[in-house]
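K.L.:
Let me begin by handing over the structure; questions about it come next.
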Amino acid sequence: MNHIVRTDLPPDQPAKLIDDFAPPLILPGAHALCAGCGEPAAMRSVVEIIDEMGLTKRSVAVFGIGCYTMFSWGLDMEVMQALHGRAPSLATGFKRVKPDSIVFTVQGDGDMVNEGLQEVIHSAARGENITCVLLNNGVFGETGGHMTATTVLGQRTKTSLEGRNAATHGYPIRIAEMLAPLEGVAYVARGATNTVGMVWKTRRMLQRAFELQQAKAGFTFVEILTMCPTGWFIETGEAPDYLAEKLASFHEIGVIKDVADSKASEAQTESA
Amino acid sequence: MTVRLLEGSEAIAEAMVAAGCRFFAGYPMTPFTEVLEQMAARLPSVGGVCMNAESELEAVGMTWGAAAAGVRAATGSVGQGLSLMQESLSEMTFARVPAVILNMARGQGDYFQATRGGGHGDYRHIVLAPCDVREAVELVQLAFHLADEWRNPVMFMGDYYLAHVQETVEVKRIDFGPVADKTWALDGSTSGSGNARIVSPIVPTKRGAGVYLNYGQYLETIGERVRLMAEGVTPMVETLYCEDAELVVAAYGTPARIVRYVVSQLRAEGLKVGFVRPITLWPFPEEAVFKATRSARKVVVYELNTGQMFDDIRLAVRDRDIRFIGGVSYDLDGFGIAPALTPNNVALRIRGALNSIPREVA
């Protein structure tokens, strides 16, 4: 069992570097997000796909306001920093005058589903050729754990202390399912970062979204459920399971719309 | 030379296209609607984009995005719609995004909103206020030039009259001289270079950059830029008969056009009246107004509000007796057509001010 490194004794041999790599498009230096946060894995997935698809030299990121905003100066990518909620508008203006660029927004649930609901819905309806990435942890993480429009029923936050209940706080919004029926929307999917498998599933969703943006197929949307143990007031280690049990049971993981599938089923209906 | 009879809104749109504006976004509201209509009709034919934004919030956001790509872009509204835009107007100033903002005001109640900055934070916009269509054609083009030169939004202040009055004008591109290349503008080409560009109102430098600015340091640099603009932008002003005037009348925008006419009529009667009209409302032509009022024993301000530019004139004239002779006047719909704005009414008020100057007993 020599692959098990014993940590209760001094090492019997000097440490050996087995593998060393730096992820692409991320500037050296540590981010300042909490331990157990799901946003770095989500962010890295996005930029890795951009890099792998060879889109780097024409890609521009548009950031909203939240904990993830620190990536706006932490990524080796061109960035437009937007106001809280307004990222899809900036992305629209930019993409309309630079139609061959690849433009994606990064917003949290507070940014997109609370403050910026109007922007994302109208951008989707217009079929803007942009990709909106929603990092959804069901809480205002940056302010310290307050209720958002996607906070699930029963979830405790600083502004829903006994847990969100519909009678007092209203019902949460499933934004992905709201956007999917709009004709301008080419792709809608919801992934997560709570397991390695989920991260890889999410990467495939991101890749599909950027493929469709390249093909100018319309508006593409990838929601990524991310852990926020600080804002959920739980132990860091419990956060991945909490995500699966609480968030993902309401905001269900999977591909909700792919324009290719819709076209295939239309063709089927016509031929029948 | 092609001189054409154009309505103000049409001339403003033509002048914006001549200045190279290729992106416009708006949400209808009279008398801004008229310019939006013209841009929607005009821009596609020159390869530009005009967006029907679903709110003023989105209109200014789209303009921000297009301007960050280095394209000459504009949006606008009336005072009410600009109130909705203020968060972005502040922050796009901090992000140093050049754009032209049309303020097709209803009446003159929005002077403070335009010149003091209706949004949060410590910033300024250059504000240009033409009094007729010919001047509008020049100033809206100058607005794009100044926006690019200073990397700062520039506000163009019009009104209902300016949008609707018809004048014979020639619209052609005016050359204001070179401006620096927009090397800061985004196109994706520096992504992955280790030195990627960033356009941000909060932290405009990348982690590990040679010069890294945190948020507080950045706001200090913006404060310094306000000072540079205040000193570097040439204030514009029109003066008439001020050399020996006992009474100087100050006004801006379309009402100033009426006031100027009345003052020249009173001069023809031999009355010692002068006229001063600030054209740049910020930076305010303080020195020129001061000089124009040196022979005056009294200064009066005519505006269609309760006295807003009045504050700036009062600061500029310092020791002179000053009085406000304007007032709020609106049409039934509140679009800013002022029943009180007639040469007779204006003349009555100016004569009243003249008569209130104590005569020296020989």
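Following the order of the structure tokens, first chain is A, next is B, and so on, with residues numbered from 1 inside each chain and ligands from 1 in the order they appear.
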Find the residues of chain A that sit at most 10 Å from chain B; for each, write down the nearest two atoms and how far apart they are in Å, to one decimal. Count only C-alpha atoms. Sort by chain, then by number going up, and give it as CSV.
P.N.:
residue,atom,partner,partner_atom,distance
A:Pro24,CA,B:Gly192,CA,7.9
A:Leu25,CA,B:Gly192,CA,5.6
A:Ile26,CA,B:Gly192,CA,8.7
A:Leu27,CA,B:Arg207,CA,6.8
A:Pro28,CA,B:Gly208,CA,7.5
A:Gly29,CA,B:Arg207,CA,7.7
A:Ala30,CA,B:Arg207,CA,9.9
A:His31,CA,B:Arg207,CA,10.0
A:Asp51,CA,B:Gly192,CA,8.7
A:Leu55,CA,B:Gly188,CA,9.1
A:Thr56,CA,B:Ser191,CA,5.8
A:Lys57,CA,B:Ser189,CA,4.6
A:Arg58,CA,B:Gly188,CA,4.0
A:Ser59,CA,B:Gly188,CA,4.6
A:Val60,CA,B:Gly188,CA,5.2
A:Ala61,CA,B:Gly188,CA,8.9
A:Val62,CA,B:Gly65,CA,9.3
A:Phe63,CA,B:Ser200,CA,9.4
A:Thr69,CA,B:Val203,CA,9.8
A:Met70,CA,B:Val203,CA,8.9
A:Phe71,CA,B:Arg207,CA,9.2
A:Ser72,CA,B:Lys206,CA,7.8
A:Trp73,CA,B:Lys206,CA,4.3
A:Gly74,CA,B:Arg207,CA,5.4
A:Leu75,CA,B:Lys206,CA,7.7
A:Asp76,CA,B:Gly192,CA,5.3
A:Met77,CA,B:Ser191,CA,4.0
A:Glu78,CA,B:Arg197,CA,5.0
A:Val79,CA,B:Ile198,CA,4.8
A:Met80,CA,B:Val199,CA,5.0
A:Gln81,CA,B:Ser200,CA,4.6
A:Ala82,CA,B:Ser200,CA,7.3
A:Leu83,CA,B:Ser88,CA,7.3
A:Arg86,CA,B:Gly61,CA,6.5
A:Ala87,CA,B:Gly61,CA,7.8
A:Pro88,CA,B:Gly61,CA,8.3
A:Ser89,CA,B:Met62,CA,4.8
A:Leu90,CA,B:Gly65,CA,4.0
A:Ala91,CA,B:Gly65,CA,6.0
A:Thr92,CA,B:Met62,CA,5.9
A:Gly93,CA,B:Met62,CA,4.0
A:Phe94,CA,B:Ala66,CA,4.4
A:Lys95,CA,B:Ala66,CA,7.7
A:Arg96,CA,B:Val49,CA,7.2
A:Val97,CA,B:Ala66,CA,6.1
A:Lys98,CA,B:Ala69,CA,7.4
A:Asp100,CA,B:Asp187,CA,9.5
A:Ser101,CA,B:Gly188,CA,7.0
A:Ile102,CA,B:Gly188,CA,8.0
A:Val103,CA,B:Gly188,CA,8.9
A:Gly116,CA,B:Glu58,CA,9.9
A:Gln118,CA,B:Glu54,CA,8.3
A:Glu119,CA,B:Glu58,CA,6.8
A:His122,CA,B:Glu54,CA,7.3
A:Ser123,CA,B:Glu54,CA,9.7
K.L.:
Check range 201-259 of chain A with DSSP on the backbone and list each residue it calls strand (DSSP E), as a list in words.
P.N.:
Phe219, Thr220, Phe221, Val222, Glu223, Ile224, Leu225, Gly254, Val255, Ile256, Lys257 and Asp258 of chain A
K.L.:
Mind dumping the selected residues with N, CA and C atoms as a compact mmCIF listing (two decimals), in the first residue's frame?
P.N.:
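Dumped everything to selection27.txt:
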# COMPACT_ATOMS: atom_id res chain seq x y z
N PHE A 219 -29.41 32.75 -27.99
CA PHE A 219 -29.03 32.94 -26.59
C PHE A 219 -28.75 31.60 -25.91
N THR A 220 -27.64 31.51 -25.21
CA THR A 220 -27.29 30.28 -24.51
C THR A 220 -27.09 30.56 -23.03
N PHE A 221 -27.52 29.60 -22.21
CA PHE A 221 -27.59 29.84 -20.77
C PHE A 221 -27.13 28.60 -20.01
N VAL A 222 -26.13 28.77 -19.16
CA VAL A 222 -25.70 27.67 -18.30
C VAL A 222 -25.75 28.13 -16.85
N GLU A 223 -26.61 27.48 -16.09
CA GLU A 223 -26.70 27.76 -14.65
C GLU A 223 -25.82 26.73 -13.94
N ILE A 224 -25.02 27.20 -12.99
CA ILE A 224 -24.16 26.28 -12.25
C ILE A 224 -24.47 26.43 -10.76
N LEU A 225 -24.95 25.36 -10.12
CA LEU A 225 -25.19 25.41 -8.68
C LEU A 225 -23.84 25.34 -7.98
N GLY A 254 -29.50 19.22 -15.29
CA GLY A 254 -29.71 18.58 -16.58
C GLY A 254 -29.81 19.59 -17.71
N VAL A 255 -29.84 19.09 -18.93
CA VAL A 255 -30.02 19.95 -20.10
C VAL A 255 -31.52 20.18 -20.27
N ILE A 256 -31.93 21.43 -20.26
CA ILE A 256 -33.36 21.75 -20.30
C ILE A 256 -33.79 22.05 -21.72
N LYS A 257 -32.89 22.63 -22.50
CA LYS A 257 -33.22 22.91 -23.90
C LYS A 257 -31.95 22.90 -24.74
N ASP A 258 -32.02 22.24 -25.87
CA ASP A 258 -30.96 22.33 -26.87
C ASP A 258 -31.63 22.49 -28.22
K.L.:
Do a neighbour search on range 160-169 of chain B at 7 Å with only C-alpha atoms, toss out local chain neighbours closer than 3 positions, and write the hits as a ChimeraX atom specification.
P.N.:
/B:3-9,31,104-106,132-134,254,335-337
K.L.:
With N, CA and C atoms retained, could you export that selection as a PDB file, in the first residue's frame?
P.N.:
ATOM      1  N   VAL B   3     -27.525  72.589 -48.097  1.00  0.00           N
ATOM      2  CA  VAL B   3     -28.306  73.133 -46.990  1.00  0.00           C
ATOM      3  C   VAL B   3     -29.716  72.582 -47.112  1.00  0.00           C
ATOM      4  N   ARG B   4     -30.186  72.025 -46.005  1.00  0.00           N
ATOM      5  CA  ARG B   4     -31.517  71.413 -46.037  1.00  0.00           C
ATOM      6  C   ARG B   4     -32.370  71.950 -44.893  1.00  0.00           C
ATOM      7  N   LEU B   5     -33.681  71.914 -45.115  1.00  0.00           N
ATOM      8  CA  LEU B   5     -34.608  72.287 -44.055  1.00  0.00           C
ATOM      9  C   LEU B   5     -34.871  71.028 -43.224  1.00  0.00           C
ATOM     10  N   LEU B   6     -34.386  71.031 -42.003  1.00  0.00           N
ATOM     11  CA  LEU B   6     -34.511  69.836 -41.159  1.00  0.00           C
ATOM     12  C   LEU B   6     -35.160  70.182 -39.830  1.00  0.00           C
ATOM     13  N   GLU B   7     -35.928  69.230 -39.315  1.00  0.00           N
ATOM     14  CA  GLU B   7     -36.428  69.367 -37.960  1.00  0.00           C
ATOM     15  C   GLU B   7     -35.266  69.063 -37.017  1.00  0.00           C
ATOM     16  N   GLY B   8     -35.272  69.676 -35.843  1.00  0.00           N
ATOM     17  CA  GLY B   8     -34.157  69.526 -34.913  1.00  0.00           C
ATOM     18  C   GLY B   8     -33.762  68.088 -34.655  1.00  0.00           C
ATOM     19  N   SER B   9     -34.743  67.230 -34.368  1.00  0.00           N
ATOM     20  CA  SER B   9     -34.434  65.833 -34.040  1.00  0.00           C
ATOM     21  C   SER B   9     -33.745  65.141 -35.215  1.00  0.00           C
ATOM     22  N   PRO B  31     -39.468  64.520 -25.526  1.00  0.00           N
ATOM     23  CA  PRO B  31     -39.108  64.673 -26.935  1.00  0.00           C
ATOM     24  C   PRO B  31     -37.819  63.954 -27.341  1.00  0.00           C
ATOM     25  N   MET B 104     -32.832  65.293 -23.713  1.00  0.00           N
ATOM     26  CA  MET B 104     -33.869  66.088 -24.376  1.00  0.00           C
ATOM     27  C   MET B 104     -34.897  66.467 -23.308  1.00  0.00           C
ATOM     28  N   ALA B 105     -34.557  67.515 -22.576  1.00  0.00           N
ATOM     29  CA  ALA B 105     -35.287  67.832 -21.351  1.00  0.00           C
ATOM     30  C   ALA B 105     -36.692  68.354 -21.618  1.00  0.00           C
ATOM     31  N   ARG B 106     -37.573  68.098 -20.693  1.00  0.00           N
ATOM     32  CA  ARG B 106     -38.905  68.706 -20.706  1.00  0.00           C
ATOM     33  C   ARG B 106     -38.819  69.933 -19.817  1.00  0.00           C
ATOM     34  N   ASP B 132     -30.032  76.543 -30.690  1.00  0.00           N
ATOM     35  CA  ASP B 132     -30.761  76.373 -31.948  1.00  0.00           C
ATOM     36  C   ASP B 132     -30.211  75.163 -32.707  1.00  0.00           C
ATOM     37  N   VAL B 133     -30.846  74.848 -33.827  1.00  0.00           N
ATOM     38  CA  VAL B 133     -30.521  73.611 -34.539  1.00  0.00           C
ATOM     39  C   VAL B 133     -29.114  73.658 -35.125  1.00  0.00           C
ATOM     40  N   ARG B 134     -28.745  74.831 -35.648  1.00  0.00           N
ATOM     41  CA  ARG B 134     -27.419  74.947 -36.253  1.00  0.00           C
ATOM     42  C   ARG B 134     -26.329  74.660 -35.213  1.00  0.00           C
ATOM     43  N   THR B 254     -33.037  76.906 -25.497  1.00  0.00           N
ATOM     44  CA  THR B 254     -33.985  77.613 -26.355  1.00  0.00           C
ATOM     45  C   THR B 254     -34.503  78.909 -25.731  1.00  0.00           C
ATOM     46  N   PHE B 335     -44.748  68.532 -21.569  1.00  0.00           N
ATOM     47  CA  PHE B 335     -43.613  68.232 -22.445  1.00  0.00           C
ATOM     48  C   PHE B 335     -42.546  69.324 -22.416  1.00  0.00           C
ATOM     49  N   GLY B 336     -42.888  70.471 -21.875  1.00  0.00           N
ATOM     50  CA  GLY B 336     -41.898  71.526 -21.784  1.00  0.00           C
ATOM     51  C   GLY B 336     -42.085  72.624 -22.815  1.00  0.00           C
ATOM     52  N   ILE B 337     -43.315  72.750 -23.320  1.00  0.00           N
ATOM     53  CA  ILE B 337     -43.638  73.900 -24.167  1.00  0.00           C
ATOM     54  C   ILE B 337     -44.205  74.948 -23.217  1.00  0.00           C
TER      55      ILE B 337
END
K.L.:
What are the DSSP helix (DSSP H, G or I) residues of range 114-214 of chain A, as a PyMOL selection string?
P.N.:
chain A and resi 114-115+117-126+166-169+175-179+196-214
K.L.:
Okay, now the selection with N, CA and C atoms, as a short mmCIF file (atom, residue, chain, number, x, y, z; two decimals), in the first residue's frame?
P.N.:
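Below is the file that was written, out.cif:
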data_model
loop_
_atom_site.label_atom_id
_atom_site.label_comp_id
_atom_site.auth_asym_id
_atom_site.auth_seq_id
_atom_site.Cartn_x
_atom_site.Cartn_y
_atom_site.Cartn_z
N ASN A 114 -32.48 38.42 -9.00
CA ASN A 114 -33.10 39.51 -8.25
C ASN A 114 -33.03 40.80 -9.06
N GLU A 115 -31.84 41.44 -9.04
CA GLU A 115 -31.70 42.79 -9.57
C GLU A 115 -31.79 42.84 -11.10
N LEU A 117 -33.29 40.61 -13.43
CA LEU A 117 -34.19 39.68 -14.11
C LEU A 117 -34.62 40.21 -15.48
N GLN A 118 -34.92 41.51 -15.51
CA GLN A 118 -35.36 42.13 -16.76
C GLN A 118 -34.30 41.98 -17.85
N GLU A 119 -33.04 42.25 -17.50
CA GLU A 119 -31.97 42.20 -18.51
C GLU A 119 -31.84 40.81 -19.11
N VAL A 120 -31.81 39.79 -18.26
CA VAL A 120 -31.55 38.44 -18.77
C VAL A 120 -32.73 37.95 -19.60
N ILE A 121 -33.94 38.26 -19.17
CA ILE A 121 -35.12 37.79 -19.92
C ILE A 121 -35.18 38.45 -21.30
N HIS A 122 -34.97 39.76 -21.34
CA HIS A 122 -35.06 40.43 -22.64
C HIS A 122 -33.89 40.06 -23.56
N SER A 123 -32.70 39.86 -22.98
CA SER A 123 -31.57 39.43 -23.82
C SER A 123 -31.87 38.05 -24.41
N ALA A 124 -32.47 37.18 -23.60
CA ALA A 124 -32.83 35.84 -24.07
C ALA A 124 -33.90 35.93 -25.15
N ALA A 125 -34.91 36.77 -24.92
CA ALA A 125 -36.01 36.88 -25.88
C ALA A 125 -35.52 37.45 -27.21
N ARG A 126 -34.55 38.36 -27.13
CA ARG A 126 -34.00 38.94 -28.37
C ARG A 126 -33.12 37.94 -29.10
N ALA A 166 -43.13 30.03 1.98
CA ALA A 166 -43.82 30.67 0.86
C ALA A 166 -44.77 31.76 1.32
N ALA A 167 -45.41 31.56 2.48
CA ALA A 167 -46.42 32.52 2.93
C ALA A 167 -45.78 33.88 3.21
N THR A 168 -44.59 33.87 3.76
CA THR A 168 -43.92 35.13 4.11
C THR A 168 -43.03 35.64 2.99
N HIS A 169 -42.26 34.73 2.40
CA HIS A 169 -41.19 35.16 1.49
C HIS A 169 -41.49 34.89 0.02
N ILE A 175 -35.02 30.05 -12.81
CA ILE A 175 -34.76 30.94 -13.94
C ILE A 175 -34.52 30.16 -15.23
N ALA A 176 -33.82 29.04 -15.14
CA ALA A 176 -33.52 28.27 -16.36
C ALA A 176 -34.81 27.84 -17.05
N GLU A 177 -35.76 27.35 -16.25
CA GLU A 177 -37.03 26.89 -16.82
C GLU A 177 -37.86 28.06 -17.35
N MET A 178 -37.65 29.26 -16.78
CA MET A 178 -38.35 30.44 -17.28
C MET A 178 -37.84 30.85 -18.66
N LEU A 179 -36.51 30.72 -18.85
CA LEU A 179 -35.91 31.19 -20.10
C LEU A 179 -36.12 30.20 -21.25
N VAL A 196 -16.82 15.94 -8.57
CA VAL A 196 -15.97 15.99 -9.76
C VAL A 196 -16.79 15.63 -10.99
N GLY A 197 -17.64 14.64 -10.84
CA GLY A 197 -18.48 14.23 -11.96
C GLY A 197 -19.38 15.36 -12.43
N MET A 198 -19.92 16.09 -11.47
CA MET A 198 -20.81 17.21 -11.81
C MET A 198 -20.03 18.31 -12.54
N VAL A 199 -18.80 18.55 -12.09
CA VAL A 199 -17.98 19.57 -12.75
C VAL A 199 -17.76 19.17 -14.21
N TRP A 200 -17.51 17.90 -14.46
CA TRP A 200 -17.27 17.46 -15.85
C TRP A 200 -18.55 17.53 -16.67
N LYS A 201 -19.66 17.23 -16.04
CA LYS A 201 -20.95 17.35 -16.72
C LYS A 201 -21.19 18.83 -17.10
N THR A 202 -20.86 19.70 -16.15
CA THR A 202 -21.04 21.15 -16.37
C THR A 202 -20.13 21.64 -17.49
N ARG A 203 -18.92 21.10 -17.53
CA ARG A 203 -17.99 21.49 -18.60
C ARG A 203 -18.57 21.15 -19.97
N ARG A 204 -19.23 20.00 -20.08
CA ARG A 204 -19.84 19.63 -21.37
C ARG A 204 -20.96 20.61 -21.74
N MET A 205 -21.71 21.05 -20.71
CA MET A 205 -22.78 22.03 -20.96
C MET A 205 -22.18 23.34 -21.47
N LEU A 206 -21.11 23.78 -20.83
CA LEU A 206 -20.46 25.03 -21.24
C LEU A 206 -19.94 24.92 -22.67
N GLN A 207 -19.36 23.77 -22.97
CA GLN A 207 -18.83 23.57 -24.31
C GLN A 207 -19.94 23.67 -25.36
N ARG A 208 -21.07 23.05 -25.05
CA ARG A 208 -22.20 23.08 -25.98
C ARG A 208 -22.69 24.53 -26.16
N ALA A 209 -22.75 25.25 -25.05
CA ALA A 209 -23.22 26.65 -25.11
C ALA A 209 -22.30 27.48 -26.01
N PHE A 210 -21.00 27.32 -25.83
CA PHE A 210 -20.06 28.12 -26.64
C PHE A 210 -20.06 27.67 -28.10
N GLU A 211 -20.29 26.36 -28.34
CA GLU A 211 -20.41 25.89 -29.73
C GLU A 211 -21.58 26.60 -30.41
N LEU A 212 -22.69 26.68 -29.70
CA LEU A 212 -23.89 27.30 -30.28
C LEU A 212 -23.70 28.81 -30.44
N GLN A 213 -22.96 29.42 -29.53
CA GLN A 213 -22.69 30.85 -29.69
C GLN A 213 -21.83 31.08 -30.94
N GLN A 214 -20.85 30.21 -31.12
CA GLN A 214 -20.01 30.30 -32.33
C GLN A 214 -20.84 30.16 -33.59
#
K.L.:
Determine, counting only C-alpha atoms, which protein, DNA and RNA residues have an atom within 8 Å of an atom of Ala250 in chain B; residues of the same chain fewer than 3 positions away are not included. Present the result as a ChimeraX atom specification.
P.N.:
/B:256,275-278,299-302,313
K.L.:
Print the selection's residues with N, CA and C atoms to a file, as an mmCIF file, in the first residue's frame.
P.N.:
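Below is the file that was written, result32.cif:
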data_model
loop_
_atom_site.group_PDB
_atom_site.id
_atom_site.type_symbol
_atom_site.label_atom_id
_atom_site.label_comp_id
_atom_site.auth_asym_id
_atom_site.auth_seq_id
_atom_site.Cartn_x
_atom_site.Cartn_y
_atom_site.Cartn_z
ATOM 1 N N ALA B 256 -32.990 81.000 -24.107
ATOM 2 C CA ALA B 256 -31.971 82.026 -24.315
ATOM 3 C C ALA B 256 -32.119 82.665 -25.694
ATOM 4 N N PHE B 275 -26.558 90.591 -22.672
ATOM 5 C CA PHE B 275 -27.033 89.204 -22.704
ATOM 6 C C PHE B 275 -25.840 88.266 -22.557
ATOM 7 N N VAL B 276 -25.981 87.271 -21.708
ATOM 8 C CA VAL B 276 -24.928 86.263 -21.575
ATOM 9 C C VAL B 276 -25.563 84.876 -21.573
ATOM 10 N N ARG B 277 -24.964 83.970 -22.365
ATOM 11 C CA ARG B 277 -25.533 82.619 -22.496
ATOM 12 C C ARG B 277 -24.439 81.563 -22.325
ATOM 13 N N PRO B 278 -24.406 80.868 -21.200
ATOM 14 C CA PRO B 278 -23.469 79.746 -21.063
ATOM 15 C C PRO B 278 -23.838 78.640 -22.050
ATOM 16 N N VAL B 299 -27.870 91.972 -12.373
ATOM 17 C CA VAL B 299 -27.852 90.790 -13.233
ATOM 18 C C VAL B 299 -29.136 90.009 -12.969
ATOM 19 N N VAL B 300 -29.807 89.598 -14.042
ATOM 20 C CA VAL B 300 -31.003 88.768 -13.853
ATOM 21 C C VAL B 300 -30.863 87.470 -14.648
ATOM 22 N N VAL B 301 -31.524 86.431 -14.165
ATOM 23 C CA VAL B 301 -31.436 85.117 -14.795
ATOM 24 C C VAL B 301 -32.831 84.683 -15.196
ATOM 25 N N TYR B 302 -32.972 84.301 -16.475
ATOM 26 C CA TYR B 302 -34.257 83.801 -16.967
ATOM 27 C C TYR B 302 -34.130 82.316 -17.269
ATOM 28 N N ILE B 313 -24.706 81.328 -11.820
ATOM 29 C CA ILE B 313 -24.508 82.729 -12.208
ATOM 30 C C ILE B 313 -24.185 83.561 -10.966
#
